Amino acid sequence: MIKTMRSGLWTCSRCLRQAARAREHQRRWLSSAPGTAQVDTSNLPIDHSTDLKHDDSLLRHVFDSRTTFKDFAKPFMQIGSQDVGLFRNKYLTSPKGFLTFAKVTISRAQKIVDKVLNASTLEDYKALVRDLDRLSDLLCRVLDVCDFVRVTHPHVITQEAASQAWAEVYMYMNRLNTATGLSDQLGKALANPEVMASWNEEEKTVAKLLQQDFMKSAIHLPEASRNQFVRLSQRISELGSVFAQNMQPEQQILEFPSSKLYGMDPRIAQRHIRGGVIRLPTMSPEAAIALRSVHDEETRKAIYYATRTAHTKSIRLLEDMLKSRSVLARLSGFESYGQMALHDKMMAKTPESVEQFLLALSKRNAPLVEEEMAALLSEKIKKEQGATRDLQPWDRDYYMESIRSSMRSRRRDSDFLPAYFSLGTVMQGLSRLFTRLYGIRLVPRETLPGETWDPDVRRLDVVSDTDGHVAVLYCDLFYRADKSPNPAHFTVRCSREISEAEIQEAAERGTASVEELPKFESPIDAANDGMHVSQQSGTIKQLPTIVLVCDFEENRSWNKPALLDYYQVETLFHEMGHAIHSFLARTSLQNVAGTRCATDFAELPSTLMEHFCADPSVLGLFARHHVTDEPLPYESVVDKLRVSRRFEASDRENQIILAMLDQQYHSTLPSKEDFNSTEIYLDLQRRFGKLPPDPPGTRWQGFFGHLFGYGSTYYSYLFDQVLSKRVWQVVFSAGQDGAALDRANGERLKENLLKWGGSRDPWRCLSDALQDDRLIDGDEKAMRLLGSWVDKEDHR
């Protein structure tokens with residue numbers, strides 16, 4: 001899943017966790033100090049001009065057949081025992097290497113800082129934005145790989161070394177954040193018309209982003225206020241972490257006589273019975289199942305109250321965090337925290353624009369919710385044999401499940417669907433889809449000793465039919481006990497142009513022999529820590545490197561494939577949507593590469609991929625029975641989607657109210673003496689909800705952990721759902737007549753939207769892709785228009 005805020009001025013991560021990147025095996029460095037930057041062909045990617053059918057078949061089998069994967073990797077495991085470094089980063093051959101990497105990085109970063117602080121000539125200031133972008137890239141090289149290793153690497157010693165390296169670089173970054181020199185120099189550059197005239201669109205965008213980052217870190221304030229800013233930021237971080245990690249209900253355990261839970265699956269109930277009493281942890285999956293299945297209304301009511309009432313400690317933590325954010329915003333010169341968070345990193349720009357979007361969306365969605373409510377009430381009347389009581393909050397899940405169950409009973413059992421979705425066929429399908437749309441394919445590549453963190457990790461090279469090797473993708477897709485169960489997309493080294501000056505510096509460093517530093521094979525190799533580069537039109541760039549992490553259950557039967565259910569396939573498509581953004585948006589500056597764009601824009605490519613996942617022509621590319629090779633009966637997917645989305649409008653209403661709540665909590669309200677987070681939530685439900693509101697006495701907001709991570713940007717989930725559906729309908733004609741596989745449509749999306757990363761105004765990207773000039777200004781009117789783009793889902 002994608003991050004809402006950078007963790008610091010120089011960290012560019014947009015995902016919850018990030019990872020590392022890789023580089024190809026090369027010759028020894030023969031020329032230590034060339035006079036000019038020469039392109040050494042040994043640093044360029046391998047020739048991938050192999051048989052396309054072979055690559056396509058191999059892609060499936062390296063994921064579906066352990067024998068194939070083992071044979072594929074075996075010859076290269078015998079080349080030698082020398083450790084090439086994690087992701088082929090030559091510093092990372094041992095835990096100690098992380099600390100060396102951090103030390104070297106800080107030393108190089110300080111040289112750039114000194115250069116920027118001493119800038120005085122016109123040429124110095126013209127180079128300043130690229131210098132700052134390089135500074136950002138250097139620090140992110142360490143922070144991003146360490147972020148990934150700390151949460152994914154199986155060895156504790158390596159995790160600890162990565163944590164220490166991360167801390168050292170983060171402390172250095174904070175020192176930069178609290179000094180005014182860099183900000184002052186950037187301000188001088190931005191104020192110079194000659195400098196501005198020399199910068200291209202991408203450079204101007206990055207300069208303004210960095211200036212806004214400085215402003216958000218209170219660099220313009222007097223020293224005492226800056227110190228207060230730092231203290232407040234630390235307090236918010238601590239409060240938010242404790243709140244998100246320790247959300248608890250007021251009532252920890254639910255106890256009922258076993259007879260009261262009639263309707264619940266007896267196999268589940270049996271596991272919790274002691275002496276005729278069933279004891280369920282309040283926030284357990286079993287309690288949620290009981291709410292959907294138990295026939296006794298009073299029991300459901302008791303469960304509902306318990307699961308919707310957070311502990312008073314959680315509420316205090318939440319309100320303290322919100323009040324602290326309000327103080328921080330006012331200290332920084334903003335009216336509210338929402339205004340502070342939205343004004344530079346979001347398409348919405350202002351809380352007022354978000355409000356217009358949510359109000360329009362709510363208005364459009366309300367009639368659809370009323371239809372669903374009528375169906376629920378009708379089901380209740382039918383089950384209660386003519387009773388005409390109103391629908392209660394604890395009735396919703398129960399009668400929704402009742403209707404869905406009857407829909408399932410009228411169709412074929414969908415348990416057979418995974419037989420058509422082996423992991424290898426899905427990866428094959430993604431490659432075929434990307435080839436059709438964008439002219440890129442996924443090619444299996446052998447890994448060398450030390451390159452990956454687990455033997456089951458597969459490496460894929462991303463190859464373009466016009467540009468050759470354009471990215472590296474590592475796939476860590478199988479369950480491990482030491483791995484987070486959450487699917488994730490990690491970006492490490494985004495695209496960035498490597499200048500001749502950097503290569504010259506690397507050449508000069510190569511003349512000095514330092515025992516603890518790795519030996520590089522060329523100045524280009526050293527300039528990128530031994531990781532992949534590409535050459536296009538004489539320009540040398542870092543290759544994007546991505547890691548996809550999932551938690552699929554591997555089939556332990558020898559040579560049997562892992563089979564995915566439909567929603568796991570959808571998850572893989574979603575995460576690959578983030579990756580395709582990184583593959584295609586290979587900008588010159590890393591601050592705007594790939595998914596480093598407006599936060600409420602970053603989920604568009606990934607959410608769009610969910611529409612492709614449900615398209616019959618796309619599924620026809622790959623979905624075949626893993627034994628018989630018969631094609632998937634598409635009507636079974638339609639049935640599954642129809643059931644799962646039967647109450648889509650009601651689910652959307654809940655998300656709208658949560659997004660409104662997020663906005664209210666980050667408005668000026670927390671600064672008021674009578675701020676009451678519970679009353680605000682209940683009032684929003686009453687005013688904008690068609691579903692039964694929570695009863696007095698409940699306080700569900702204490703379970704809304706996203707309030708810490710999203711902080712006034714939770715609306716982006718709905719925003720990207722609306723945008724992705726519109727792009728699907730307009731650019732890809734909702735898949736009609738094979739439009740989901742039309743290269744012209746893929747090029748339209750790539751050229752107008754995907755390739756720009758964050759270097760172009762997202763409203764312009766969207767306006768161009770949709771060919772809709774009403775969006776170009778990105779104002780409240782445009783946001784209101786987006787909110788009106790909601791209709792009932794059609795599953796024909």
# chains A, B, ... in the order shown; residues from 1 in each chain; ligands from 1

call {"tool": "select_by_dssp", "arguments": {"residues": "stretch 675-714 of chain A", "states": "alpha helix (DSSP H)", "output": "list of chain:residue names"}}
result
A:Ser677, A:Thr678, A:Glu679, A:Ile680, A:Tyr681, A:Leu682, A:Asp683, A:Leu684, A:Gln685, A:Arg686, A:Arg687, A:Phe688, A:His706, A:Leu707, A:Phe708, A:Gly709, A:Tyr710

call {"tool": "select_by_dssp", "arguments": {"residues": "stretch 187-322 of chain A", "states": "strand (DSSP E or B)", "output": "ChimeraX atom specification"}}
result
/A:249,253-257,262,264,273-274,277-281,309-310

call {"tool": "write_last_selection", "arguments": {"atoms": "N, CA, C and O atoms", "output": "JSON list (two decimals), in the first residue's frame"}}
result
[["chain", "number", "residue", "atom", "x", "y", "z"],
["A", 249, "PRO", "N", -10.44, -1.72, 23.12],
["A", 249, "PRO", "CA", -11.84, -1.46, 23.46],
["A", 249, "PRO", "C", -12.01, -1.26, 24.96],
["A", 249, "PRO", "O", -11.17, -1.71, 25.75],
["A", 253, "ILE", "N", -13.40, -8.43, 26.72],
["A", 253, "ILE", "CA", -13.91, -9.78, 26.46],
["A", 253, "ILE", "C", -15.44, -9.77, 26.43],
["A", 253, "ILE", "O", -16.08, -9.10, 27.26],
["A", 254, "LEU", "N", -16.00, -10.49, 25.48],
["A", 254, "LEU", "CA", -17.45, -10.66, 25.40],
["A", 254, "LEU", "C", -17.80, -12.07, 25.89],
["A", 254, "LEU", "O", -17.18, -13.04, 25.48],
["A", 255, "GLU", "N", -18.78, -12.16, 26.80],
["A", 255, "GLU", "CA", -19.20, -13.46, 27.34],
["A", 255, "GLU", "C", -20.69, -13.66, 27.12],
["A", 255, "GLU", "O", -21.50, -12.78, 27.44],
["A", 256, "PHE", "N", -21.05, -14.83, 26.58],
["A", 256, "PHE", "CA", -22.45, -15.16, 26.32],
["A", 256, "PHE", "C", -22.67, -16.65, 26.61],
["A", 256, "PHE", "O", -21.77, -17.47, 26.37],
["A", 257, "PRO", "N", -23.86, -17.00, 27.07],
["A", 257, "PRO", "CA", -24.22, -18.42, 27.09],
["A", 257, "PRO", "C", -24.17, -18.94, 25.65],
["A", 257, "PRO", "O", -24.52, -18.22, 24.71],
["A", 262, "TYR", "N", -26.45, -18.79, 18.59],
["A", 262, "TYR", "CA", -27.01, -19.65, 17.55],
["A", 262, "TYR", "C", -26.94, -18.93, 16.20],
["A", 262, "TYR", "O", -27.33, -17.77, 16.07],
["A", 264, "MET", "N", -23.97, -18.81, 14.52],
["A", 264, "MET", "CA", -22.52, -18.74, 14.27],
["A", 264, "MET", "C", -22.00, -20.13, 13.90],
["A", 264, "MET", "O", -22.51, -21.15, 14.39],
["A", 273, "ILE", "N", -15.70, -22.12, 23.73],
["A", 273, "ILE", "CA", -16.65, -22.51, 24.78],
["A", 273, "ILE", "C", -15.90, -23.08, 25.98],
["A", 273, "ILE", "O", -15.01, -23.94, 25.84],
["A", 274, "ARG", "N", -16.25, -22.59, 27.15],
["A", 274, "ARG", "CA", -15.75, -23.14, 28.41],
["A", 274, "ARG", "C", -16.91, -23.17, 29.39],
["A", 274, "ARG", "O", -17.44, -22.12, 29.77],
["A", 277, "VAL", "N", -20.15, -21.42, 28.34],
["A", 277, "VAL", "CA", -20.04, -19.98, 28.08],
["A", 277, "VAL", "C", -19.03, -19.74, 26.96],
["A", 277, "VAL", "O", -17.94, -20.32, 26.95],
["A", 278, "ILE", "N", -19.43, -18.90, 26.03],
["A", 278, "ILE", "CA", -18.52, -18.52, 24.94],
["A", 278, "ILE", "C", -17.87, -17.18, 25.28],
["A", 278, "ILE", "O", -18.56, -16.20, 25.59],
["A", 279, "ARG", "N", -16.55, -17.16, 25.24],
["A", 279, "ARG", "CA", -15.79, -15.94, 25.53],
["A", 279, "ARG", "C", -15.04, -15.53, 24.26],
["A", 279, "ARG", "O", -14.20, -16.27, 23.75],
["A", 280, "LEU", "N", -15.36, -14.33, 23.76],
["A", 280, "LEU", "CA", -14.73, -13.84, 22.53],
["A", 280, "LEU", "C", -13.98, -12.54, 22.82],
["A", 280, "LEU", "O", -14.54, -11.62, 23.42],
["A", 281, "PRO", "N", -12.71, -12.43, 22.39],
["A", 281, "PRO", "CA", -12.04, -11.13, 22.47],
["A", 281, "PRO", "C", -12.82, -10.11, 21.63],
["A", 281, "PRO", "O", -13.23, -10.40, 20.50],
["A", 309, "THR", "N", -16.90, 0.81, 20.84],
["A", 309, "THR", "CA", -16.58, 1.68, 21.98],
["A", 309, "THR", "C", -15.12, 1.51, 22.37],
["A", 309, "THR", "O", -14.72, 0.53, 23.00],
["A", 310, "ALA", "N", -14.32, 2.49, 21.98],
["A", 310, "ALA", "CA", -12.89, 2.46, 22.29],
["A", 310, "ALA", "C", -12.64, 2.84, 23.74],
["A", 310, "ALA", "O", -13.45, 3.54, 24.37]]

call {"tool": "residues_around", "arguments": {"residues": "stretch 752-760 of chain A", "least_positions_apart": "3", "cutoff": "10 Å", "atoms": "only C-alpha atoms", "output": "NGL selection string"}}
result
:A and (201-206 or 345 or 580-599 or 601-602 or 604-605 or 746-749 or 763-771)

call {"tool": "write_last_selection", "arguments": {"atoms": "N, CA and C atoms", "output": "tab-separated table (two decimals), in the first residue's frame"}}
result
chain	number	residue	atom	x	y	z
A	201	GLU	N	11.15	22.56	-16.53
A	201	GLU	CA	9.93	22.37	-15.73
A	201	GLU	C	10.20	21.46	-14.54
A	202	GLU	N	10.95	20.41	-14.75
A	202	GLU	CA	11.23	19.45	-13.69
A	202	GLU	C	12.05	20.10	-12.58
A	203	GLU	N	13.06	20.89	-12.94
A	203	GLU	CA	13.90	21.55	-11.95
A	203	GLU	C	13.12	22.57	-11.14
A	204	LYS	N	12.25	23.32	-11.81
A	204	LYS	CA	11.42	24.31	-11.09
A	204	LYS	C	10.48	23.61	-10.11
A	205	THR	N	9.92	22.48	-10.54
A	205	THR	CA	9.01	21.74	-9.66
A	205	THR	C	9.74	21.27	-8.40
A	206	VAL	N	10.94	20.70	-8.58
A	206	VAL	CA	11.69	20.20	-7.44
A	206	VAL	C	12.11	21.34	-6.52
A	345	LYS	N	1.38	19.15	-1.11
A	345	LYS	CA	1.63	17.77	-1.52
A	345	LYS	C	0.37	17.05	-1.99
A	580	ILE	N	4.46	-0.11	-11.91
A	580	ILE	CA	4.47	0.39	-13.28
A	580	ILE	C	4.69	1.89	-13.31
A	581	HIS	N	4.20	2.58	-12.29
A	581	HIS	CA	4.42	4.02	-12.18
A	581	HIS	C	5.92	4.29	-12.03
A	582	SER	N	6.60	3.49	-11.23
A	582	SER	CA	8.04	3.64	-11.06
A	582	SER	C	8.81	3.24	-12.31
A	583	PHE	N	8.34	2.20	-13.00
A	583	PHE	CA	9.02	1.76	-14.22
A	583	PHE	C	9.01	2.85	-15.29
A	584	LEU	N	7.86	3.50	-15.43
A	584	LEU	CA	7.67	4.41	-16.56
A	584	LEU	C	8.07	5.85	-16.27
A	585	ALA	N	8.01	6.27	-15.00
A	585	ALA	CA	8.33	7.66	-14.65
A	585	ALA	C	9.80	7.76	-14.29
A	586	ARG	N	10.66	7.63	-15.27
A	586	ARG	CA	12.11	7.67	-15.05
A	586	ARG	C	12.60	9.09	-15.31
A	587	THR	N	12.40	9.94	-14.33
A	587	THR	CA	12.74	11.35	-14.45
A	587	THR	C	14.23	11.58	-14.19
A	588	SER	N	14.69	12.80	-14.43
A	588	SER	CA	16.10	13.13	-14.21
A	588	SER	C	16.40	13.44	-12.75
A	589	LEU	N	15.38	13.85	-12.01
A	589	LEU	CA	15.55	14.20	-10.60
A	589	LEU	C	14.75	13.24	-9.75
A	590	GLN	N	15.37	12.73	-8.69
A	590	GLN	CA	14.72	11.67	-7.91
A	590	GLN	C	13.58	12.16	-7.04
A	591	ASN	N	13.53	13.44	-6.73
A	591	ASN	CA	12.44	13.95	-5.89
A	591	ASN	C	11.08	13.83	-6.55
A	592	VAL	N	11.05	13.67	-7.88
A	592	VAL	CA	9.77	13.59	-8.59
A	592	VAL	C	9.67	12.32	-9.42
A	593	ALA	N	10.49	11.32	-9.12
A	593	ALA	CA	10.49	10.09	-9.90
A	593	ALA	C	9.41	9.13	-9.42
A	594	GLY	N	8.82	8.42	-10.35
A	594	GLY	CA	7.88	7.35	-10.01
A	594	GLY	C	6.73	7.81	-9.15
A	595	THR	N	6.58	7.17	-7.99
A	595	THR	CA	5.45	7.45	-7.10
A	595	THR	C	5.68	8.68	-6.22
A	596	ARG	N	6.77	9.40	-6.43
A	596	ARG	CA	7.02	10.64	-5.67
A	596	ARG	C	6.23	11.78	-6.30
A	597	CYS	N	4.95	11.73	-6.08
A	597	CYS	CA	4.03	12.71	-6.66
A	597	CYS	C	3.00	13.07	-5.59
A	598	ALA	N	2.02	13.86	-5.96
A	598	ALA	CA	0.97	14.23	-5.00
A	598	ALA	C	0.38	12.96	-4.38
A	599	THR	N	0.23	12.96	-3.06
A	599	THR	CA	-0.19	11.76	-2.36
A	599	THR	C	-1.56	11.26	-2.82
A	601	PHE	N	-2.66	11.42	-5.67
A	601	PHE	CA	-2.51	11.02	-7.06
A	601	PHE	C	-1.78	9.69	-7.17
A	602	ALA	N	-1.00	9.37	-6.12
A	602	ALA	CA	-0.10	8.21	-6.17
A	602	ALA	C	-0.83	6.88	-6.25
A	604	LEU	N	-3.60	6.33	-7.89
A	604	LEU	CA	-4.38	6.19	-9.13
A	604	LEU	C	-3.92	5.02	-9.98
A	605	PRO	N	-2.62	4.89	-10.31
A	605	PRO	CA	-2.22	3.76	-11.16
A	605	PRO	C	-2.51	2.40	-10.54
A	746	GLY	N	-2.84	2.62	-23.93
A	746	GLY	CA	-1.72	2.58	-22.99
A	746	GLY	C	-0.77	3.74	-23.20
A	747	GLU	N	-0.46	4.05	-24.46
A	747	GLU	CA	0.43	5.18	-24.75
A	747	GLU	C	-0.20	6.50	-24.32
A	748	ARG	N	-1.50	6.61	-24.48
A	748	ARG	CA	-2.20	7.83	-24.04
A	748	ARG	C	-2.03	8.04	-22.55
A	749	LEU	N	-2.18	6.96	-21.77
A	749	LEU	CA	-2.01	7.08	-20.33
A	749	LEU	C	-0.56	7.35	-19.96
A	763	TRP	N	-2.98	17.84	-12.04
A	763	TRP	CA	-4.24	18.25	-12.67
A	763	TRP	C	-4.07	18.37	-14.18
A	764	ARG	N	-2.91	18.85	-14.59
A	764	ARG	CA	-2.64	18.90	-16.03
A	764	ARG	C	-2.54	17.50	-16.60
A	765	CYS	N	-1.85	16.61	-15.88
A	765	CYS	CA	-1.75	15.21	-16.32
A	765	CYS	C	-3.13	14.59	-16.48
A	766	LEU	N	-3.97	14.79	-15.50
A	766	LEU	CA	-5.30	14.20	-15.52
A	766	LEU	C	-6.15	14.81	-16.62
A	767	SER	N	-6.08	16.13	-16.76
A	767	SER	CA	-6.85	16.83	-17.80
A	767	SER	C	-6.44	16.34	-19.19
A	768	ASP	N	-5.11	16.18	-19.39
A	768	ASP	CA	-4.63	15.73	-20.70
A	768	ASP	C	-5.04	14.28	-20.96
A	769	ALA	N	-4.93	13.42	-19.95
A	769	ALA	CA	-5.26	12.01	-20.14
A	769	ALA	C	-6.75	11.83	-20.45
A	770	LEU	N	-7.58	12.58	-19.73
A	770	LEU	CA	-9.03	12.47	-19.92
A	770	LEU	C	-9.55	13.38	-21.02
A	771	GLN	N	-8.68	14.27	-21.50
A	771	GLN	CA	-9.08	15.28	-22.49
A	771	GLN	C	-10.29	16.07	-22.00

call {"tool": "residues_around", "arguments": {"residues": "A:Met321", "least_positions_apart": "2", "cutoff": "12 Å", "atoms": "only C-alpha atoms", "output": "PyMOL selection string"}}
result
chain A and resi 232-244+314-319+323-328+337+665-666+670-671+677+702+705+707-709+711

call {"tool": "residues_around", "arguments": {"residues": "stretch 284-293 of chain A", "least_positions_apart": "4", "cutoff": "9 Å", "atoms": "only C-alpha atoms", "output": "ChimeraX atom specification"}}
result
/A:254,261-265,268-269,280,299-301,303-304,307,394-402

call {"tool": "closest_residue", "arguments": {"among": "A:Ser406, A:Ser163, A:Asn246, A:Gln663", "to": "A:Val354", "atoms": "only C-alpha atoms"}}
result
A:Gln663

call {"tool": "residues_around", "arguments": {"residues": "A:Tyr714", "least_positions_apart": "3", "cutoff": "7 Å", "atoms": "only C-alpha atoms", "output": "list in words"}}
result
Ala659, Asp662, Tyr710 and Tyr717 of chain A

call {"tool": "closest_residue", "arguments": {"among": "A:Gln339, A:Gln110, A:Thr425, A:Gln664", "to": "A:Asp629", "atoms": "only C-alpha atoms"}}
result
A:Thr425

call {"tool": "closest_residue", "arguments": {"among": "A:Ile656, A:Ala119, A:Ile219, A:Met407", "to": "A:Ala189", "atoms": "only C-alpha atoms"}}
result
A:Ala119

call {"tool": "residues_around", "arguments": {"residues": "A:Thr152", "least_positions_apart": "4", "cutoff": "10 Å", "atoms": "only C-alpha atoms", "output": "PyMOL selection string"}}
result
chain A and resi 17-19+146-148+159+453-454+476+480+482-484+549

call {"tool": "atom_distance", "arguments": {"atom1": "atom CA of A:Gly439", "atom2": "atom CA of A:Val463"}}
result
8.4 Å

call {"tool": "closest_residue", "arguments": {"among": "A:Leu221, A:Met283, A:Met347, A:Val470", "to": "A:Ser716", "atoms": "only C-alpha atoms"}}
result
A:Met347

call {"tool": "closest_residue", "arguments": {"among": "A:Leu473, A:Arg66, A:Ser788, A:Ala506", "to": "A:Arg556", "atoms": "only C-alpha atoms"}}
result
A:Arg66

call {"tool": "closest_residue", "arguments": {"among": "A:Gln385, A:Asn174, A:Thr312, A:Asn200", "to": "A:Asn227", "atoms": "only C-alpha atoms"}}
result
A:Asn174

call {"tool": "atom_distance", "arguments": {"atom1": "atom CA of A:Ser57", "atom2": "atom CA of A:Gln428"}}
result
7.8 Å
